[in-house]
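As structure tokens, the structure follows; a few thoughts come after it.
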Amino acid sequence: MKALIVIIWIGARELGEVPSMRFISILQFLTRISIKKDIGYDPHMERGIVYFPVVGAVIGLLLFVGFRAFSWLFSGIDNIYLLATLILILELIITGGLHMDGFGDTFDGFFSYRSKDRILEIMKDPRLGTNGLLAIVVLVVLKIVAMATLIDYNLAVYLIFMPIVGRLAGVFLTYKTRPARENGMGNMFIGKCSTSALVLASLFTVLSAIAIEYLIGFKTYIFIYLNLIGSMVLIFVLSRLLIGLSYRRIDGITGDLLGCVIEISEVVFLIYILIVMR
């Protein structure tokens, strides 16, 4: 726990802010984890974007604890797909399905092949269309199969890193970009990520992995960190490709696309690990 606190404190000193308040704000924004603490209004909440990977580390720890608990609870049932499904359900409970919703809305809008204004209207519509439904089904199947395969290969520890890398992708998407809407929930972050914040968030990603090693005491090897860094590079490229696509479709970035890139990056991370560790 001390290592995680040190990570948060380093970022706070860099930004000149009180660490606990901003971290709690970001934690409650990205998850359903509620901390009964009056943190007040934060006029510079966008600076807390550096904590995205740290929030991912919290989610990853909860998923790994869930994996251990489910493995013990269903020890007499040899079904890796059941374990993977339960882990996915746990992740949806923790995040409230926030990112999955953005993923579906993005596919509904982008693949409607309408004008920019119409695409934005479709993405804002709370109803789920055919494109979004099909995309979510494919995403869920890929995620369950990939997680089940990791478990089968005794690589469940990588489930911890999945949400960390996914939230880092959200940071990448906000780096020197512009919002597609004048008003949107994602506008507090879009285009607000500076080069120093990007570097710090990337550093937090690696430091979070080290902190997790300290917290749960698993034995790490150098290739685990090499795989983590390699996935970060891959996710950065993926994020820039999605930015290019979004600019062509709607001339900017939305909060839905932030959720979309997080979900896609998690699946890409899992597949990447399966490929390099085969």
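Residues are named by chain letter and number: chains run A, B, ... in the order of the structure tokens, numbers start at 1 in each chain, and ligands are numbered from 1 in the order shown.
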Which residues are near segment 121-130 of chain A? Cut-off 6 Å, only C-alpha atoms, ignore same chain within fewer than 3 positions. Put them as number ranges by chain. A: 105, 108-109, 118, 133
Limited to N, CA, C and O atoms, could you put the picked residues into a file as an mmCIF file, in the first residue's frame?
```cif
data_model
loop_
_atom_site.group_PDB
_atom_site.id
_atom_site.type_symbol
_atom_site.label_atom_id
_atom_site.label_comp_id
_atom_site.auth_asym_id
_atom_site.auth_seq_id
_atom_site.Cartn_x
_atom_site.Cartn_y
_atom_site.Cartn_z
ATOM 1 N N ASP A 105 -22.203 2.819 -28.266
ATOM 2 C CA ASP A 105 -22.631 4.072 -28.900
ATOM 3 C C ASP A 105 -21.705 4.469 -30.040
ATOM 4 O O ASP A 105 -22.157 4.989 -31.073
ATOM 5 N N ASP A 108 -22.497 2.311 -33.037
ATOM 6 C CA ASP A 108 -23.787 2.739 -33.595
ATOM 7 C C ASP A 108 -23.602 3.972 -34.471
ATOM 8 O O ASP A 108 -24.155 4.053 -35.579
ATOM 9 N N GLY A 109 -22.825 4.942 -33.974
ATOM 10 C CA GLY A 109 -22.657 6.186 -34.707
ATOM 11 C C GLY A 109 -21.722 6.082 -35.892
ATOM 12 O O GLY A 109 -22.077 6.444 -37.022
ATOM 13 N N ARG A 118 -25.480 13.976 -37.561
ATOM 14 C CA ARG A 118 -26.356 12.821 -37.354
ATOM 15 C C ARG A 118 -25.642 11.735 -36.540
ATOM 16 O O ARG A 118 -26.246 11.092 -35.682
ATOM 17 N N LEU A 133 -25.128 -3.304 -30.684
ATOM 18 C CA LEU A 133 -25.429 -4.600 -30.070
ATOM 19 C C LEU A 133 -24.490 -5.680 -30.591
ATOM 20 O O LEU A 133 -23.921 -6.458 -29.816
#
```
Give me, as a Markdown table, the closest atom pair and its distance (Å, one decimal) for every residue of segment 15-113 of chain A within a cut-off of 9 Å of segment 148-162 of chain A, counting only C-alpha atoms, rows sorted by chain and rising number.
```
| residue | atom | partner | partner_atom | distance |
| --- | --- | --- | --- | --- |
| A:Gly56 | CA | A:Phe161 | CA | 7.8 |
| A:Ala57 | CA | A:Ile160 | CA | 6.8 |
| A:Val58 | CA | A:Ile160 | CA | 8.7 |
| A:Ile59 | CA | A:Ile160 | CA | 7.6 |
| A:Gly60 | CA | A:Ile160 | CA | 3.9 |
| A:Leu61 | CA | A:Ile160 | CA | 5.7 |
| A:Leu62 | CA | A:Ile160 | CA | 8.2 |
| A:Leu63 | CA | A:Ile160 | CA | 6.7 |
| A:Phe64 | CA | A:Ile160 | CA | 6.0 |
| A:Phe67 | CA | A:Ala156 | CA | 8.1 |
| A:Asn79 | CA | A:Ala148 | CA | 8.8 |
| A:Ile80 | CA | A:Ala148 | CA | 5.1 |
| A:Tyr81 | CA | A:Ala148 | CA | 5.3 |
| A:Leu82 | CA | A:Ala148 | CA | 8.3 |
| A:Leu83 | CA | A:Ala148 | CA | 7.2 |
| A:Ala84 | CA | A:Ala148 | CA | 5.1 |
| A:Thr85 | CA | A:Ala148 | CA | 8.4 |
```
Output of the above residues as a tab-separated table (two decimals), in the first residue's frame, restricted to N, CA and C atoms:
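Ended up saving to result-v4.tsv:
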```
chain	number	residue	atom	x	y	z
A	56	GLY	N	-6.96	2.05	-12.85
A	56	GLY	CA	-6.92	0.74	-13.51
A	56	GLY	C	-6.28	-0.32	-12.63
A	57	ALA	N	-5.26	0.10	-11.86
A	57	ALA	CA	-4.59	-0.84	-10.96
A	57	ALA	C	-5.54	-1.28	-9.85
A	58	VAL	N	-6.35	-0.36	-9.36
A	58	VAL	CA	-7.34	-0.72	-8.33
A	58	VAL	C	-8.34	-1.73	-8.90
A	59	ILE	N	-8.81	-1.47	-10.13
A	59	ILE	CA	-9.75	-2.39	-10.78
A	59	ILE	C	-9.08	-3.75	-10.99
A	60	GLY	N	-7.83	-3.72	-11.46
A	60	GLY	CA	-7.11	-4.96	-11.72
A	60	GLY	C	-6.93	-5.80	-10.46
A	61	LEU	N	-6.63	-5.14	-9.35
A	61	LEU	CA	-6.49	-5.86	-8.08
A	61	LEU	C	-7.80	-6.52	-7.68
A	62	LEU	N	-8.90	-5.79	-7.86
A	62	LEU	CA	-10.21	-6.33	-7.51
A	62	LEU	C	-10.56	-7.52	-8.41
A	63	LEU	N	-10.20	-7.44	-9.68
A	63	LEU	CA	-10.46	-8.55	-10.59
A	63	LEU	C	-9.65	-9.78	-10.20
A	64	PHE	N	-8.40	-9.56	-9.80
A	64	PHE	CA	-7.54	-10.69	-9.42
A	64	PHE	C	-8.03	-11.32	-8.12
A	67	PHE	N	-10.91	-13.33	-9.09
A	67	PHE	CA	-10.48	-14.58	-9.72
A	67	PHE	C	-10.11	-15.62	-8.67
A	79	ASN	N	-14.04	-25.33	-15.14
A	79	ASN	CA	-14.62	-24.59	-16.27
A	79	ASN	C	-14.02	-23.20	-16.32
A	80	ILE	N	-13.04	-23.01	-17.18
A	80	ILE	CA	-12.36	-21.73	-17.28
A	80	ILE	C	-13.27	-20.64	-17.85
A	81	TYR	N	-14.26	-21.04	-18.65
A	81	TYR	CA	-15.16	-20.05	-19.24
A	81	TYR	C	-16.12	-19.48	-18.20
A	82	LEU	N	-16.47	-20.31	-17.22
A	82	LEU	CA	-17.29	-19.81	-16.12
A	82	LEU	C	-16.52	-18.77	-15.32
A	83	LEU	N	-15.25	-19.06	-15.03
A	83	LEU	CA	-14.41	-18.11	-14.30
A	83	LEU	C	-14.27	-16.80	-15.08
A	84	ALA	N	-14.01	-16.90	-16.38
A	84	ALA	CA	-13.83	-15.71	-17.21
A	84	ALA	C	-15.11	-14.88	-17.26
A	85	THR	N	-16.25	-15.54	-17.34
A	85	THR	CA	-17.53	-14.83	-17.38
A	85	THR	C	-17.79	-14.10	-16.07
```
Report the distance between atom CA of Leu30 of chain A and atom CA of His99 of chain A in Å, rounded to one decimal place.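 One can read the atom CA of Leu30 of chain A to atom CA of His99 of chain A distance as 8.7 Å.
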One-decimal distance in Å that lies between atom CA of Leu245 of chain A and atom CA of Leu270 of chain A: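 A separation of 23.0 Å between them.
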Please report the interatomic distance between atom CA of Arg248 of chain A and atom CA of Gly97 of chain A in Å with one decimal.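 Calculated distance between atom CA of Arg248 of chain A and atom CA of Gly97 of chain A is 27.0 Å.
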Please provide as a list in words all residues within 12 Å of Ile93 of chain A, with the sequence filter that same-chain residues fewer than 2 positions apart are discarded (counting only C-alpha atoms).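 Result of the neighbour search: Leu30, Thr31, Arg32, Ile33, Ile59, Leu62, Leu63, Gly66, Leu86, Ile87, Leu88, Ile89, Leu90, Glu91, Thr95, Gly96, Gly97, Leu98, His99 and Met100 of chain A.
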Would you please work out which residue, of A:Gln28, A:Thr106, A:Ser246, A:Thr205, is nearest to Val165 of chain A when using only C-alpha atoms?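 Closest to Val165 of chain A of all the choices is A:Thr205.
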Give the alpha helix (DSSP H) residues of segment 46-174 of chain A, as assigned by DSSP on the backbone, as a PyMOL selection string. chain A and resi 52-73+80-95+98-110+116-124+130-152+158-174
Any idea what's packed within 7 Å of segment 138-143 of chain A, counting only C-alpha atoms, ignoring anything in its chain fewer than 4 positions away? Could you give it as a PyMOL selection string? chain A and resi 134+147+267
Within 12 Å of segment 184-199 of chain A using only C-alpha atoms, minus same-chain residues under 6 positions, as a PyMOL selection string: chain A and resi 11-12+14-15+26+29-30+42-53+99+102+120+123-124+168-178+205-206+232+236+243+252-259
Skipping near chain neighbours, those fewer than 2 positions away, what residues fall within 8 Å of Phe107 of chain A using only C-alpha atoms, listed as a list of chain:residue names? A:Phe103, A:Gly104, A:Asp105, A:Gly109, A:Phe110, A:Phe111, A:Asn131, A:Gly132, A:Ala135
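When only C-alpha atoms are used to measure the gap to Asp117 of chain A, the shortest distance among A:Ile275, A:Leu228, A:Leu234, A:Ile250 belongs to A:Ile250.
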Which of these residues is nearest to Leu238 of chain A, using only C-alpha atoms: A:Cys260, A:Val137, A:Ile212, A:Met277? A:Cys260
Could you pull out the residues in segment 139-254 of chain A that DSSP calls strand (DSSP E or B) from the backbone, as a PyMOL selection string? chain A and resi 175+179+193+253
